[in-house]
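Q: Please find one structure pasted underneath; my questions will follow.
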Amino acid sequence: MRKSLNVTAAALAIILSPAVLFGAESDTRAGEWHHFGNDSAGSRYSPLDQIDRSNFGDLELAWRWTSISEEVTREYTDTVKPSQFKPIPLMIDGLIYVASEISQVAALDPATGEVVWQHDPEAWRAGRPANVGFQHRGVAYWADGADRRIFIATHDSKLVAMNARTGEPVASFGENGVIDMLPESGEQMFGRRINKRLITHSSPPAIAGNTVVVGSIIHDGATRQSATPGHVRGFDARTGETKWVFHTIPQEGEPGVETWENDSWQYSGHTNVWSMMTVDNELGYVYLPVSTPTNDFYGGHRLGDNLYGESIVALDAESGERVWHFQTVHHGLWDYDLPTNPILADIIVDGREIKALAQVSKQAFTYVLDRVTGEPVWPIEERAVPQSDIPGERTSPTQPFPTKPPPYDRQGVSLDDLVDFTPEIAAAARASVAEYRLGPMFTPPSLSTPDNVATLYLPGSGGGTNWPGAALDPETQVLYVPSATNLGGGPIIEPDPSVSDLRYIGSFGGGPRGPEGLPLIKPPWGRVTAIDLNEGEHVWMTPNGYGPVDHPIFEGRDVGLLGGGSGAPLLTKTLLFVTQNGRGELNSPRINVFDKANGELLGHIPLPNGANGNPVTYMHEGSQYIIVSVGGGGFFGGYTEDAIEINEGFNERLKILGQIPSSTPELLAFRLP
């Protein structure tokens with residue numbers, strides 16, 4: 001097999017705990033939320049149980065906090081247009097830490113939402129970030145004794161360290177609390193000239209002992225063979241000095257460089273880690289979910305398997321040395337980047353205790369590996385897949401298919417997968433795909449011709465699981481995975497040689513629209529699956545809420561739960577919470593509440609706007625709170641000339657998406673009366 005600033009007393013009430021593992025503090029405490037996934041294993045689980053099935057319906061809005069980005073956007077309305085408000089807050093030592101869409105940081109009182117301190121690195125002055133614009137997923141926390149810091153990787157490629165109690169920059173870190181991760185000498189780290197406007201940061205760094213590990217976003221939609229590589233770096237948490245650089249695209253003489261044929265490692269880019277990473281403090285490993293190489297949909301300029309593209313990579317966090325890797329897609333052509341962190345689980349399989357890692361994916365596969373060695377817990381088979389007929393392309397003859405657990409969403413597209421609520425809808429759906437190529441999982445993209453628009457593939461690059469990931473119950477080792485049944489289907493075309501030196505380029509797309517405003521594929525359109533990691537089997541699967549049941553086509557018909565798209569999970573000792581966004585009375589923004597044991601939809605917590613990040617829970621002064629970020633701008637956060645210049649090839653799409661009405665970016669807090 002291939003392996004491929006006002007300070008309150010609460011801010012000063014610091015409870016010291018003993019240092020452990022690498023000399024750093026234990027990674028979480030009961031009732032708090034120390035990492036994006038609560039613990040460094042990325043579980044998104046809390047043992048709190050005050051809110052349960054008997055009382056969640058009594059939850060009240062305790063407070064709401066408007067993002068401090070509003071102060072900037074009011075003054076710079078023509079140039080600073082934030083996108084979705086999606087941070088995952090932290091709650092530590094009596095303070096909530098949250099990032100704004102434009103890389104600001106605020107510390108809030110957990111009982112009132114009042115600002116205790118705020119810090120603005122003014123990253124927004126550098127202009128609109130690459131890809132989805134001004135949006136940020138949050139901050140990271142590091143502590144060693146009384147030295148406690150908040151870190152943020154900003155849109156303009158700075159790593160900022162702040163005193164967790166006061167928000168003041170840490171003078172001993174870098175230059176007055178800031179290191180420039182892309183100085184002029186930074187070109188040497190990446191081995192080529194870097195366009196700073198095409199690289200940005202929007203996820204919290206990983207904290208591994210005294211190392212701060214930082215990935216990056218590299219602009220999608222590349223029109224050149226040469227692009228910025230997404231190498232991952234480790235920085236000293238105390239000083240900011242660079243400790244190591246891991247080449248996600250192997251360089252000359254390094255293992256894996258032979259998988260980039262014809263020396264394509266010299267110019268290919270991306271292969272970055274844009275999402276969150278996971279840390280095993282006991283082993284001293286950090287686990288990287290790596291994304292797709294340049295260009296996402298055509299690989300004729302980078303023949304070979306292309307390590308470490310679309311791979312799980314385990315690094316020694318102190319040295320940055322590769323320990324093991326597992327490639328989930330060879331020579332990726334579907335934008336099947338690993339979009340979320342691996343989750344660490346200690347499981348028992350056939351009586352054998354295994355330190356495991358579970359990686360969910362856009363493909364709706366769960367890759368379960370021994371996190372010490374990288375070996376699959378259950379066989380992962382290399383199976384033959386369809387091959388490309390695009391000139392110059394050479395697809396991998398096989399792809400990895402886990403034998404257990406089963407997929408948790410639809411894979412592959414056939415006529416039988418299309419909506420068929422009525423004969424008329426069935427006929428319209430079939431007509432809409434008449435000029436598309438359909439096929440099983442890993443059917444490659446195809447050239448756009450008069451007889452063929454594109455290949456439809458399922459899940460698409462926005463299907464399966466996205467960055468909000470899954471949640472693990474460490475008591476039962478059951479993994480809860482929200483997913484979306486979304487198509488992909490952008491065409492492959494020959495570009496204008498005056499603007500691109502690529503032989504062919506692809507684009508993001510979801511294929512044709514379904515009939516009557518419905519999705520093209522049969523429901524459910526969003527689901528939640530519970531997977532027993534000890535057995536490698538599904539426990540239950542259920543749609544994520546009602547979905548668009550108020551569509552006119554369903555009038556007078558009981559269609560059950562249709563699923564309201566993918567969602568972001570939070571798991572507690574008593575309940576599973578999963579966000580849902582949509583329109584209509586039963587599909588409006590909400591947090592759906594499920595029984596963990598059987599998937600029964602118990603009810604929901606209504607929200608005023610769409611939730612964009614994972615809910616978080618904490619205990620404060622005897623009350624359990626649930627907080628969630630909602631609102632913000634459209635996906636691209638507005639249309640600007642700067643965005644057009646960066647995102648060439650996506651101009652019309654940006655114009656359309658930029659017209660999505662914005663809503664107030666807020667953090668909402670709920671508690672029982």
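In the structure tokens, chains take the letters A, B, ... in the order shown, each chain's residues start at 1, and ligands count up from 1 in the order shown.
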For Thr398 in chain A, work out the shell of residues within 12 Å, counting only C-alpha atoms and skipping chain neighbours fewer than 2 positions away, then give it as a list in words.
A: Met1, Arg2, Asp305, Thr328, Val329, His330, His331, Gly332, Ile380, Glu381, Glu382, Arg383, Ala384, Val385, Pro386, Gln387, Arg394, Thr395, Ser396, Pro400, Phe401, Met441, Phe442 and Thr443 of chain A
Q: With N, CA and C atoms retained, export the selected residues as a CSV table (one decimal), in the first residue's frame.
A:
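Ended up saving to part_27.csv:
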chain,number,residue,atom,x,y,z
A,1,MET,N,0.8,-1.2,0.0
A,1,MET,CA,0.0,0.0,0.0
A,1,MET,C,0.9,1.2,0.0
A,2,ARG,N,0.5,2.3,-0.7
A,2,ARG,CA,1.2,3.5,-0.8
A,2,ARG,C,1.0,4.3,0.5
A,305,ASP,N,2.8,11.5,-7.9
A,305,ASP,CA,1.9,11.4,-6.8
A,305,ASP,C,1.8,12.7,-6.0
A,328,THR,N,-3.9,10.7,1.3
A,328,THR,CA,-5.3,10.3,1.1
A,328,THR,C,-5.7,10.4,-0.4
A,329,VAL,N,-5.0,11.3,-1.2
A,329,VAL,CA,-5.3,11.4,-2.6
A,329,VAL,C,-4.0,11.5,-3.3
A,330,HIS,N,-3.8,10.7,-4.3
A,330,HIS,CA,-2.6,10.8,-5.1
A,330,HIS,C,-2.8,11.7,-6.3
A,331,HIS,N,-1.9,12.6,-6.5
A,331,HIS,CA,-2.0,13.5,-7.7
A,331,HIS,C,-3.4,14.2,-7.7
A,332,GLY,N,-3.7,14.9,-6.7
A,332,GLY,CA,-5.0,15.5,-6.5
A,332,GLY,C,-5.5,16.4,-7.6
A,380,ILE,N,-6.6,0.0,4.2
A,380,ILE,CA,-7.0,1.1,3.2
A,380,ILE,C,-6.5,0.6,1.9
A,381,GLU,N,-7.4,0.3,1.0
A,381,GLU,CA,-7.1,-0.4,-0.2
A,381,GLU,C,-6.8,0.6,-1.4
A,382,GLU,N,-5.8,0.2,-2.2
A,382,GLU,CA,-5.6,1.0,-3.4
A,382,GLU,C,-6.5,0.3,-4.5
A,383,ARG,N,-7.5,1.1,-5.0
A,383,ARG,CA,-8.4,0.6,-6.0
A,383,ARG,C,-8.3,1.4,-7.3
A,384,ALA,N,-8.5,0.6,-8.4
A,384,ALA,CA,-8.4,1.3,-9.7
A,384,ALA,C,-9.5,2.3,-9.8
A,385,VAL,N,-9.2,3.5,-10.4
A,385,VAL,CA,-10.1,4.6,-10.6
A,385,VAL,C,-10.1,5.0,-12.1
A,386,PRO,N,-11.2,5.7,-12.5
A,386,PRO,CA,-11.2,6.2,-13.9
A,386,PRO,C,-10.0,7.1,-14.2
A,387,GLN,N,-9.6,7.1,-15.5
A,387,GLN,CA,-8.4,7.8,-15.9
A,387,GLN,C,-8.7,9.0,-16.8
A,394,ARG,N,-1.8,12.9,-16.4
A,394,ARG,CA,-1.7,11.5,-16.1
A,394,ARG,C,-2.1,11.3,-14.7
A,395,THR,N,-3.3,10.7,-14.6
A,395,THR,CA,-3.9,10.5,-13.3
A,395,THR,C,-3.3,9.3,-12.6
A,396,SER,N,-3.4,9.2,-11.3
A,396,SER,CA,-3.0,8.0,-10.6
A,396,SER,C,-3.9,6.8,-11.0
A,400,PRO,N,-6.6,5.6,-2.6
A,400,PRO,CA,-6.8,4.9,-1.3
A,400,PRO,C,-8.3,4.9,-1.0
A,401,PHE,N,-8.9,3.7,-0.6
A,401,PHE,CA,-10.2,3.6,-0.2
A,401,PHE,C,-10.2,2.9,1.2
A,441,MET,N,-16.6,7.8,-7.7
A,441,MET,CA,-15.6,8.6,-7.0
A,441,MET,C,-14.3,8.6,-7.8
A,442,PHE,N,-13.7,9.8,-7.8
A,442,PHE,CA,-12.4,10.0,-8.5
A,442,PHE,C,-12.5,10.0,-10.0
A,443,THR,N,-13.7,10.1,-10.6
A,443,THR,CA,-13.8,10.4,-12.0
A,443,THR,C,-13.1,11.7,-12.3
Q: Run DSSP on the backbone and grab whatever in range 569-614 of chain A lands in strand (DSSP E); send it over as number ranges by chain.
A: A: 569-572, 576-580, 590-594, 601-606
Q: If we count only C-alpha atoms, what is near Val360 in chain A at a cut-off of 10 Å, once residues fewer than 6 positions away on the same chain are taken out, given as a PyMOL selection string?
A: chain A and resi 338-343+366-368+407-408+464-467+469-470+479+481-483
Q: In terms of the shortest atom-to-atom distance over only C-alpha atoms, which of A:Val419, A:Leu108, A:Ile199, A:Ile492 is closest to Arg64 in chain A?
A: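 Between A:Val419, A:Leu108, A:Ile199, A:Ile492, the residue approaching Arg64 in chain A most closely is A:Leu108.
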Q: Ranking A:Val160, A:Leu533, A:Ile51, A:Leu456 by minimum distance to Val593 in chain A and counting only C-alpha atoms, which one comes first?
A: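 Closest residue, counting only C-alpha atoms: A:Ile51.
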Q: From range 354-508 of chain A, collect each residue whose DSSP state is helix (DSSP H, G or I) and return the set as a ChimeraX atom specification.
A: /A:415-417,423-432
Q: Write a file of the selected residues as a PDB file, in the first residue's frame, keeping C-alpha atoms.
A:
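The result, written out as result_37.pdb:
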ATOM      1  CA  LEU A 415     -28.686   9.367 -12.924  1.00  0.00           C
ATOM      2  CA  ASP A 416     -30.169   7.453 -10.010  1.00  0.00           C
ATOM      3  CA  ASP A 417     -28.750  10.060  -7.604  1.00  0.00           C
ATOM      4  CA  PRO A 423     -41.808  12.916 -12.943  1.00  0.00           C
ATOM      5  CA  GLU A 424     -41.368  16.497 -14.144  1.00  0.00           C
ATOM      6  CA  ILE A 425     -38.581  17.185 -11.649  1.00  0.00           C
ATOM      7  CA  ALA A 426     -36.885  13.905 -12.532  1.00  0.00           C
ATOM      8  CA  ALA A 427     -36.992  14.761 -16.247  1.00  0.00           C
ATOM      9  CA  ALA A 428     -35.666  18.277 -15.640  1.00  0.00           C
ATOM     10  CA  ALA A 429     -32.832  16.971 -13.484  1.00  0.00           C
ATOM     11  CA  ARG A 430     -31.759  14.482 -16.147  1.00  0.00           C
ATOM     12  CA  ALA A 431     -31.914  17.141 -18.835  1.00  0.00           C
ATOM     13  CA  SER A 432     -29.692  19.462 -16.792  1.00  0.00           C
TER      14      SER A 432
END
Q: Could you check the closest approach to Val232 in chain A for each of A:Trp265, A:Phe577, A:Tyr546, A:Tyr308 and tell me which residue wins, using only C-alpha atoms?
A: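 Looking only at the distances to Val232 in chain A, the closest residue turns out to be A:Tyr308.
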